[in-house]
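Below is start_32.csv, holding CSV, C-alpha atoms.
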chain,number,residue,atom,x,y,z
A,1,MET,CA,-61.3,-20.3,36.7
A,2,SER,CA,-61.1,-24.1,36.6
A,3,ALA,CA,-61.7,-24.2,32.9
A,4,ILE,CA,-58.9,-21.6,32.4
A,5,ALA,CA,-56.5,-23.6,34.5
A,6,LEU,CA,-57.3,-26.7,32.3
A,7,ASN,CA,-56.0,-24.7,29.3
A,8,VAL,CA,-53.0,-23.1,31.0
A,9,PHE,CA,-51.7,-25.9,33.4
A,10,PRO,CA,-50.9,-28.5,30.6
A,11,ILE,CA,-48.6,-25.9,29.0
A,12,PHE,CA,-46.4,-25.7,32.0
A,13,ILE,CA,-46.8,-29.4,32.9
A,14,LEU,CA,-45.2,-30.2,29.5
A,15,ILE,CA,-42.4,-27.8,30.3
A,16,LEU,CA,-41.9,-29.5,33.7
A,17,LEU,CA,-42.0,-32.9,32.0
A,18,GLY,CA,-39.1,-31.8,29.7
A,19,TRP,CA,-37.1,-30.5,32.7
A,20,MET,CA,-37.6,-33.7,34.6
A,21,ILE,CA,-36.6,-35.9,31.6
A,22,VAL,CA,-33.2,-34.4,31.7
A,23,LYS,CA,-33.0,-33.9,35.5
A,24,THR,CA,-33.6,-37.6,36.1
A,25,GLY,CA,-31.3,-38.7,33.4
A,26,VAL,CA,-33.9,-40.4,31.2
A,27,LEU,CA,-32.5,-38.4,28.2
A,28,LYS,CA,-29.5,-36.2,27.9
A,29,ALA,CA,-29.7,-32.4,27.4
A,30,ASP,CA,-28.3,-32.9,23.9
A,31,VAL,CA,-31.5,-34.7,22.9
A,32,GLY,CA,-33.4,-31.6,24.0
A,33,ASP,CA,-31.2,-29.4,21.9
A,34,ALA,CA,-31.9,-31.6,18.9
A,35,LEU,CA,-35.6,-31.5,19.6
A,36,GLY,CA,-35.5,-27.8,19.9
A,37,GLU,CA,-33.7,-27.5,16.6
A,38,PHE,CA,-36.5,-29.7,15.0
A,39,VAL,CA,-39.2,-27.5,16.5
A,40,PHE,CA,-37.6,-24.2,15.4
A,41,LYS,CA,-36.5,-25.3,11.9
A,42,ILE,CA,-39.3,-27.7,10.9
A,43,ALA,CA,-42.4,-28.0,13.2
A,44,VAL,CA,-43.1,-24.4,14.0
A,45,PRO,CA,-42.5,-23.1,10.4
A,46,PHE,CA,-45.0,-25.8,9.2
A,47,LEU,CA,-47.4,-24.5,11.8
A,48,LEU,CA,-47.0,-20.9,10.7
A,49,PHE,CA,-47.3,-21.9,7.1
A,50,ASN,CA,-50.5,-23.9,7.7
A,51,THR,CA,-52.0,-21.1,9.8
A,52,ILE,CA,-51.4,-18.3,7.3
A,53,TYR,CA,-52.3,-20.4,4.3
A,54,GLN,CA,-55.7,-21.2,5.7
A,55,ALA,CA,-56.3,-17.9,7.5
A,56,ASP,CA,-59.3,-15.7,6.9
A,57,PHE,CA,-58.1,-12.1,7.7
A,58,HIS,CA,-61.5,-10.5,7.2
A,59,GLY,CA,-59.7,-7.6,5.6
A,60,ALA,CA,-58.2,-6.6,9.0
A,61,SER,CA,-55.1,-4.3,9.1
A,62,PRO,CA,-52.1,-5.6,11.1
A,63,PHE,CA,-51.0,-2.1,12.1
A,64,ARG,CA,-53.2,-1.6,15.1
A,65,LEU,CA,-52.1,-5.0,16.4
A,66,TRP,CA,-48.4,-4.1,16.0
A,67,ILE,CA,-48.9,-0.7,17.6
A,68,ALA,CA,-50.7,-2.2,20.5
A,69,TYR,CA,-48.1,-4.9,21.2
A,70,PHE,CA,-44.9,-2.8,20.6
A,71,SER,CA,-46.1,0.2,22.6
A,72,GLY,CA,-46.2,-2.2,25.6
A,73,VAL,CA,-42.8,-3.5,24.7
A,74,ALA,CA,-41.4,0.0,24.4
A,75,ILE,CA,-42.7,1.0,27.9
A,76,THR,CA,-41.5,-2.2,29.6
A,77,TRP,CA,-38.1,-2.2,27.9
A,78,THR,CA,-37.5,1.4,29.0
A,79,LEU,CA,-38.5,0.6,32.6
A,80,GLY,CA,-36.2,-2.4,32.7
A,81,HIS,CA,-33.3,-0.4,31.4
A,82,LEU,CA,-33.9,2.5,33.9
A,83,ILE,CA,-34.3,0.2,36.9
A,84,ALA,CA,-31.0,-1.6,36.1
A,85,THR,CA,-29.0,1.5,35.4
A,86,THR,CA,-30.6,4.0,37.9
A,87,PHE,CA,-31.8,1.9,40.8
A,88,PHE,CA,-29.2,-0.9,40.7
A,89,GLY,CA,-26.4,1.3,39.3
A,90,ARG,CA,-25.4,-1.1,36.5
A,91,ASP,CA,-23.8,0.0,33.3
A,92,ALA,CA,-25.6,0.6,30.0
A,93,ARG,CA,-24.9,-3.0,28.7
A,94,VAL,CA,-26.7,-4.6,31.6
A,95,GLY,CA,-29.4,-1.9,31.2
A,96,VAL,CA,-30.0,-3.1,27.6
A,97,LEU,CA,-30.1,-6.7,28.7
A,98,ALA,CA,-32.5,-5.9,31.5
A,99,GLY,CA,-34.8,-4.2,28.9
A,100,VAL,CA,-34.6,-7.3,26.6
A,101,SER,CA,-35.3,-9.7,29.5
A,102,SER,CA,-38.3,-7.6,30.5
A,103,ALA,CA,-39.9,-7.3,27.1
A,104,PHE,CA,-38.8,-10.3,24.9
A,105,ALA,CA,-41.6,-12.9,25.3
A,106,ASN,CA,-41.2,-16.6,24.4
A,107,ASN,CA,-43.8,-16.2,21.7
A,108,VAL,CA,-42.8,-19.3,19.7
A,109,PHE,CA,-42.3,-22.1,22.2
A,110,ILE,CA,-44.9,-21.0,24.8
A,111,GLY,CA,-47.0,-18.3,23.1
A,112,LEU,CA,-48.2,-20.4,20.2
A,113,PRO,CA,-49.3,-23.4,22.2
A,114,LEU,CA,-50.9,-21.1,24.9
A,115,VAL,CA,-52.9,-19.0,22.4
A,116,GLY,CA,-53.9,-22.1,20.4
A,117,ARG,CA,-55.4,-23.7,23.5
A,118,THR,CA,-57.1,-20.7,25.0
A,119,VAL,CA,-58.1,-18.5,22.0
A,120,GLY,CA,-58.2,-20.8,19.0
A,121,GLU,CA,-57.5,-20.3,15.3
A,122,ASP,CA,-58.2,-16.5,15.4
A,123,GLY,CA,-55.6,-16.1,18.1
A,124,ILE,CA,-53.1,-18.1,16.1
A,125,VAL,CA,-53.7,-15.8,13.1
A,126,ALA,CA,-53.1,-12.7,15.3
A,127,LEU,CA,-50.0,-14.2,16.8
A,128,SER,CA,-48.7,-15.2,13.3
A,129,ILE,CA,-49.1,-11.6,12.2
A,130,LEU,CA,-47.1,-10.5,15.2
A,131,LEU,CA,-44.4,-13.0,14.6
A,132,ALA,CA,-43.9,-11.7,11.1
A,133,VAL,CA,-42.2,-8.6,12.5
A,134,HIS,CA,-41.5,-9.5,16.1
A,135,LEU,CA,-38.2,-11.3,15.8
A,136,PRO,CA,-36.7,-8.9,13.2
A,137,LEU,CA,-37.7,-5.8,15.0
A,138,MET,CA,-36.6,-7.0,18.5
A,139,MET,CA,-33.3,-8.3,17.3
A,140,VAL,CA,-32.5,-5.1,15.4
A,141,ILE,CA,-33.4,-2.9,18.4
A,142,GLY,CA,-31.5,-5.2,20.8
A,143,THR,CA,-28.4,-5.4,18.7
A,144,VAL,CA,-28.2,-1.7,17.9
A,145,LEU,CA,-28.8,-0.7,21.5
A,146,MET,CA,-26.2,-3.2,22.8
A,147,GLU,CA,-23.6,-2.0,20.2
A,148,ASN,CA,-24.1,1.6,21.4
A,149,ALA,CA,-23.9,0.5,25.0
A,150,GLU,CA,-20.7,-1.4,24.4
A,151,ARG,CA,-19.2,1.7,22.7
A,152,LYS,CA,-20.3,3.9,25.6
A,153,VAL,CA,-18.8,1.5,28.2
A,154,GLY,CA,-15.7,0.3,26.4
A,155,GLY,CA,-15.0,3.0,23.9
A,156,GLY,CA,-14.8,0.6,21.0
A,157,PRO,CA,-15.4,1.5,17.3
A,158,SER,CA,-18.9,1.6,15.9
A,159,ARG,CA,-19.8,-0.9,13.2
A,160,GLY,CA,-22.5,1.5,11.9
A,161,LEU,CA,-26.2,1.0,11.6
A,162,GLY,CA,-26.0,-0.2,7.9
A,163,THR,CA,-23.6,-3.0,8.8
A,164,ILE,CA,-25.7,-4.2,11.7
A,165,LEU,CA,-28.9,-4.1,9.6
A,166,ARG,CA,-27.2,-6.0,6.7
A,167,GLN,CA,-26.0,-8.7,9.1
A,168,ILE,CA,-29.4,-9.1,10.7
A,169,ALA,CA,-31.2,-9.1,7.4
A,170,ALA,CA,-28.9,-11.8,6.1
A,171,ASN,CA,-29.7,-14.0,9.2
A,172,LEU,CA,-33.4,-13.3,8.9
A,173,ILE,CA,-33.6,-14.3,5.3
A,174,LYS,CA,-32.5,-17.8,6.3
A,175,ASN,CA,-34.7,-17.8,9.5
A,176,PRO,CA,-37.1,-20.8,9.3
A,177,LEU,CA,-39.9,-18.9,11.0
A,178,ILE,CA,-39.7,-16.1,8.4
A,179,ILE,CA,-39.6,-18.6,5.6
A,180,GLY,CA,-42.7,-20.4,6.9
A,181,LEU,CA,-44.6,-17.2,7.3
A,182,ALA,CA,-43.6,-16.0,3.8
A,183,ALA,CA,-44.4,-19.3,2.1
A,184,GLY,CA,-47.8,-19.5,3.8
A,185,LEU,CA,-48.6,-15.9,2.8
A,186,ALA,CA,-47.5,-16.6,-0.8
A,187,VAL,CA,-49.8,-19.7,-1.1
A,188,HIS,CA,-52.7,-17.8,0.6
A,189,VAL,CA,-52.4,-14.8,-1.8
A,190,SER,CA,-52.2,-17.1,-4.8
A,191,GLY,CA,-55.4,-18.9,-3.9
A,192,LEU,CA,-54.1,-22.2,-5.2
A,193,PRO,CA,-55.3,-25.2,-3.1
A,194,LEU,CA,-52.7,-27.6,-1.7
A,195,PRO,CA,-53.0,-31.2,-2.9
A,196,GLN,CA,-54.8,-33.2,-0.2
A,197,VAL,CA,-51.7,-35.4,0.5
A,198,VAL,CA,-49.5,-32.4,1.0
A,199,SER,CA,-52.0,-30.6,3.2
A,200,GLY,CA,-52.4,-33.7,5.3
A,201,VAL,CA,-48.6,-34.0,5.8
A,202,VAL,CA,-48.3,-30.3,6.6
A,203,ALA,CA,-51.2,-30.6,9.2
A,204,GLN,CA,-49.5,-33.6,10.9
A,205,ILE,CA,-46.2,-31.9,11.3
A,206,ALA,CA,-47.9,-28.7,12.5
A,207,GLY,CA,-49.8,-30.7,15.0
A,208,ILE,CA,-46.7,-31.8,16.9
A,209,ALA,CA,-45.2,-28.3,17.1
A,210,ALA,CA,-46.8,-27.3,20.3
A,211,PRO,CA,-46.0,-30.3,22.6
A,212,ALA,CA,-42.6,-30.7,21.1
A,213,ALA,CA,-41.8,-27.1,21.7
A,214,LEU,CA,-42.8,-27.2,25.3
A,215,ILE,CA,-40.9,-30.4,26.1
A,216,SER,CA,-37.8,-29.1,24.4
A,217,LEU,CA,-38.0,-25.9,26.3
A,218,GLY,CA,-38.2,-27.7,29.6
A,219,MET,CA,-35.2,-29.8,28.6
A,220,ALA,CA,-33.3,-26.6,27.8
A,221,LEU,CA,-34.1,-25.0,31.2
A,222,ASN,CA,-31.6,-27.3,32.9
A,223,LYS,CA,-28.9,-25.1,31.5
A,224,TYR,CA,-30.1,-22.1,33.4
A,225,GLY,CA,-31.1,-21.6,37.0
A,226,ILE,CA,-30.7,-18.7,39.5
A,227,SER,CA,-27.2,-17.4,39.2
A,228,GLY,CA,-26.9,-14.1,41.0
A,229,ASN,CA,-28.5,-10.8,40.0
A,230,LEU,CA,-31.6,-11.9,42.0
A,231,GLY,CA,-32.6,-8.3,42.7
A,232,ILE,CA,-32.6,-7.2,39.1
A,233,ALA,CA,-34.0,-10.5,37.9
A,234,THR,CA,-36.9,-10.2,40.2
A,235,ALA,CA,-37.6,-6.7,38.9
A,236,THR,CA,-37.4,-7.8,35.2
A,237,SER,CA,-39.6,-10.8,36.0
A,238,VAL,CA,-42.3,-8.6,37.4
A,239,LEU,CA,-42.1,-6.3,34.4
A,240,LYS,CA,-42.3,-9.3,32.1
A,241,LEU,CA,-45.2,-11.1,33.7
A,242,PHE,CA,-47.3,-8.2,34.8
A,243,VAL,CA,-46.3,-4.8,33.4
A,244,LEU,CA,-45.9,-5.8,29.8
A,245,PRO,CA,-49.3,-7.6,29.5
A,246,ALA,CA,-51.0,-4.7,31.4
A,247,CYS,CA,-49.6,-2.2,28.9
A,248,VAL,CA,-50.5,-4.4,25.9
A,249,TRP,CA,-54.0,-4.9,27.3
A,250,ALA,CA,-54.5,-1.1,27.8
A,251,ALA,CA,-53.2,-0.4,24.3
A,252,CYS,CA,-55.6,-3.0,22.8
A,253,GLN,CA,-58.5,-1.4,24.5
A,254,LEU,CA,-57.5,2.1,23.3
A,255,LEU,CA,-57.1,0.9,19.7
A,256,GLY,CA,-60.3,-1.1,19.7
A,257,LEU,CA,-58.8,-4.6,18.8
A,258,SER,CA,-61.3,-7.5,18.7
A,259,SER,CA,-61.6,-9.6,21.8
A,260,GLN,CA,-59.8,-12.5,20.1
A,261,TRP,CA,-56.9,-10.4,19.0
A,262,THR,CA,-56.7,-8.7,22.4
A,263,SER,CA,-56.7,-12.0,24.2
A,264,ALA,CA,-53.9,-13.3,21.8
A,265,MET,CA,-51.7,-10.2,22.3
A,266,VAL,CA,-52.2,-10.1,26.1
A,267,LEU,CA,-51.5,-13.8,26.6
A,268,THR,CA,-48.4,-13.9,24.4
A,269,SER,CA,-47.1,-10.9,26.1
A,270,ALA,CA,-47.7,-12.6,29.5
A,271,VAL,CA,-45.6,-15.7,28.8
A,272,PRO,CA,-42.1,-16.1,30.3
A,273,THR,CA,-39.0,-14.4,28.9
A,274,GLY,CA,-37.7,-16.0,25.7
A,275,ILE,CA,-34.3,-17.7,25.3
A,276,ASN,CA,-33.4,-14.9,22.9
A,277,ALA,CA,-32.4,-12.8,26.0
A,278,TRP,CA,-29.7,-15.5,26.8
A,279,LEU,CA,-28.6,-15.5,23.1
A,280,ILE,CA,-28.1,-11.7,23.2
A,281,ALA,CA,-26.2,-12.0,26.5
A,282,ASN,CA,-24.0,-14.8,25.0
A,283,ARG,CA,-23.4,-12.8,21.8
A,284,PHE,CA,-22.1,-9.8,23.7
A,285,GLY,CA,-20.5,-11.6,26.7
A,286,VAL,CA,-22.4,-9.7,29.4
A,287,GLY,CA,-25.4,-10.3,31.7
A,288,HIS,CA,-25.5,-14.1,31.5
A,289,GLY,CA,-26.6,-14.4,35.1
A,290,LEU,CA,-29.4,-11.8,34.7
A,291,ALA,CA,-30.8,-13.5,31.5
A,292,ALA,CA,-30.6,-17.0,33.0
A,293,SER,CA,-32.2,-15.9,36.3
A,294,THR,CA,-35.0,-14.0,34.5
A,295,ILE,CA,-35.8,-17.0,32.2
A,296,THR,CA,-35.9,-19.3,35.2
A,297,LEU,CA,-38.0,-17.1,37.5
A,298,THR,CA,-40.5,-16.1,34.8
A,299,THR,CA,-41.0,-19.8,33.8
A,300,ALA,CA,-41.5,-20.9,37.4
A,301,ALA,CA,-44.0,-18.1,38.1
A,302,GLY,CA,-45.5,-18.1,34.7
A,303,VAL,CA,-48.1,-20.7,35.4
A,304,PHE,CA,-49.7,-18.4,38.0
A,305,SER,CA,-49.4,-15.1,36.1
A,306,VAL,CA,-50.6,-16.6,32.8
A,307,THR,CA,-53.6,-18.1,34.5
A,308,PHE,CA,-54.4,-14.7,35.9
A,309,TRP,CA,-54.2,-13.0,32.5
A,310,ALA,CA,-56.2,-15.8,30.8
A,311,TRP,CA,-58.9,-15.3,33.4
A,312,LEU,CA,-58.8,-11.5,32.9
A,313,VAL,CA,-59.2,-11.6,29.1
A,314,GLY,CA,-61.3,-14.8,29.0

Kindly return the structure encoded in the file as structure tokens.
Amino acid sequence: MSAIALNVFPIFILILLGWMIVKTGVLKADVGDALGEFVFKIAVPFLLFNTIYQADFHGASPFRLWIAYFSGVAITWTLGHLIATTFFGRDARVGVLAGVSSAFANNVFIGLPLVGRTVGEDGIVALSILLAVHLPLMMVIGTVLMENAERKVGGGPSRGLGTILRQIAANLIKNPLIIGLAAGLAVHVSGLPLPQVVSGVVAQIAGIAAPAALISLGMALNKYGISGNLGIATATSVLKLFVLPACVWAACQLLGLSSQWTSAMVLTSAVPTGINAWLIANRFGVGHGLAASTITLTTAAGVFSVTFWAWLVG
């Protein structure tokens, strides 16, 4: 357990460091926003490019990995929605946001550093395969469900599935993570080696992605906090930290994924809720308190839950 803690604790210590940097006034929150932009647009795309470019897939099919992860997402998302609407009596829009908060893991800013430290290169390859479809699929589902919920609650006109998909596709084409993955795959398939100078620069930028991501996330957490909705937020946090990874672990066992890929999927599903939940709440103007509270609670408790799952799959 002590060896596992040595891999997990530094992840959350860097998040805490980022939070303290802003809290104590050493740097302003705007600096954290800029660092987060650099991580998302430059550092992590370089990391994904470098991983896919050098990866040895051993002829493995990604479909079992996707099925294992997203079956867990479907179960957890549904439970979050039902708890919010049935048990807490909230409307369909809050139900959708509760589902998002329960099932949308912070795979980029926490998942990648965690899997890299605990599983290694095979784990990063598995997570890169997941990231190729994770953001597009989750954003499409979240947006479509929220549009339908808004129409049900407010009676507004529907934009239509085609319009929604075109808008999301246009955003995804410009998404740096998608560009990094696609570029890495193109170079990998071509078989052309990168010049040594270029590969050295790529490796150096990729190397700073993990610590910079964690510090920038900690700096961003100063925006959130516990702002009401504590009952629902506690439920969504339990779903996120325990139910989702349990479902993913069970699916990985049933589908016969390798131990490295199983560890990568379980660990990335066990990380705190991603900021995407807040972005969806902000986009539709509903559930800000629930999203903020879930992000804060899961990040605070994540060090213990992630340590547990790392011990279980280690």

For Thr262 (chain A), which residue out of A:Leu177, A:Val306, A:Leu290, A:Val115 is the nearest one, using all atoms listed in the file?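 Residue with the minimum atom-to-atom distance to Thr262 (chain A): A:Val115.
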
Kindly assemble as a tab-separated table a list of the region 132-219 of chain A residues that lie within 12 Å of region 116-121 of chain A, each paired with its nearest atom pair and their distance in Å to one decimal, using all atoms listed in the file, sorted first by chain and then by ascending residue number.
residue	atom	partner	partner_atom	distance
A:Ala206	CA	A:Gly116	CA	11.9
A:Gly207	CA	A:Gly116	CA	11.0
A:Ala209	CA	A:Gly116	CA	11.2
A:Ala210	CA	A:Gly116	CA	8.8
A:Pro211	CA	A:Arg117	CA	11.5

Quick one: of A:Gly89, A:Pro45, A:Gly218, A:Gly314, who's nearest to Val266 (chain A), counting all atoms listed in the file? A:Gly314

Tell me, as JSON, numbers by chain, which residues lie within 7 Å of region 231-247 of chain A, counting all atoms listed in the file; anything in the same chain fewer than 5 positions away does not count. {"A": [72, 73, 76, 80, 84, 98, 101, 102, 103, 266, 269, 270, 271, 272, 273, 290, 293, 294, 297, 298, 305]}

Interface rows for region 201-239 of chain A against region 19-25 of chain A: nearest pair, Å to one decimal, 9 Å, all atoms listed in the file, as a Markdown table:
| residue | atom | partner | partner_atom | distance |
| --- | --- | --- | --- | --- |
| A:Ile215 | CA | A:Trp19 | CA | 7.6 |
| A:Ser216 | CA | A:Trp19 | CA | 8.4 |
| A:Leu217 | CA | A:Trp19 | CA | 7.9 |
| A:Gly218 | CA | A:Trp19 | CA | 4.3 |
| A:Met219 | CA | A:Trp19 | CA | 4.6 |
| A:Ala220 | CA | A:Trp19 | CA | 7.3 |
| A:Leu221 | CA | A:Trp19 | CA | 6.4 |
| A:Asn222 | CA | A:Trp19 | CA | 6.4 |

With distances taken over only C-alpha atoms, which residue among A:Leu14, A:Ala68, A:Ala182, A:Met139 lies nearest Arg283 (chain A)?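 Closest residue, counting only C-alpha atoms: A:Met139.
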
Proximity to Gln54 (chain A) - best of A:Gln204, A:Thr163, A:Ser190, A:Ser71, only C-alpha atoms: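 Selected residue with least distance to Gln54 (chain A): A:Ser190.
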
Using only C-alpha atoms, list the residues that have an atom at most 10 Å from (-48.9, -22.3, 8.6), coordinates as in the file, as a list in words.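 In the file's frame, the residues around the point are Ala43, Val44, Pro45, Phe46, Leu47, Leu48, Phe49, Asn50, Thr51, Ile52, Tyr53, Gln54, Ala55, Ile124, Val125, Ser128, Leu177, Gly180, Leu181, Ala182, Ala183, Gly184, Leu185, His188, Val202, Ala203 and Ala206 of chain A.
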
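The gap separating CA of Ala149 (chain A) from CA of Arg93 (chain A) is 5.2 Å, in Å to one decimal.
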
One number please: CA of Pro176 (chain A) to CA of Ala34 (chain A), in Å, one decimal. 15.4 Å

Taking 5 positions as the minimum chain separation for residues in the same chain, which residues sit within 7 Å of Gly274 (chain A) when counting all atoms listed in the file? Answer as an MDAnalysis selection string. chainID A and resid 104:106 295

For the selection you just gave me, I'd like the residues written to a file as a PDB file, in the frame of the given file, keeping C-alpha atoms.
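Heads up, here's the output in again_39.pdb:
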ATOM      1  CA  PHE A 104     -38.800 -10.300  24.900  1.00  0.00           C
ATOM      2  CA  ALA A 105     -41.600 -12.900  25.300  1.00  0.00           C
ATOM      3  CA  ASN A 106     -41.200 -16.600  24.400  1.00  0.00           C
ATOM      4  CA  ILE A 295     -35.800 -17.000  32.200  1.00  0.00           C
TER       5      ILE A 295
END

Measuring atom to atom with only C-alpha atoms, identify which of A:Phe40, A:Phe284, A:Tyr224, A:Trp261 is nearest to Gly142 (chain A).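 Using only C-alpha atoms, the shortest distance to Gly142 (chain A) belongs to A:Phe284.
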
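Our summary of the geometry notes that CA of Ile83 (chain A) is positioned 7.8 Å from CA of Gly95 (chain A).
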
Given all atoms listed in the file as the counted atoms, nearest of A:Leu192, A:Val39, A:Ala126, A:Ile280 to Leu145 (chain A):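 Nearest to Leu145 (chain A): A:Ile280.
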
Would you mind listing what lies within 8 Å of Asn7 (chain A) as a PyMOL selection string, with all atoms listed in the file counted and same-chain residues fewer than 2 positions away left out? chain A and resi 3-5+9-11+114+117-118
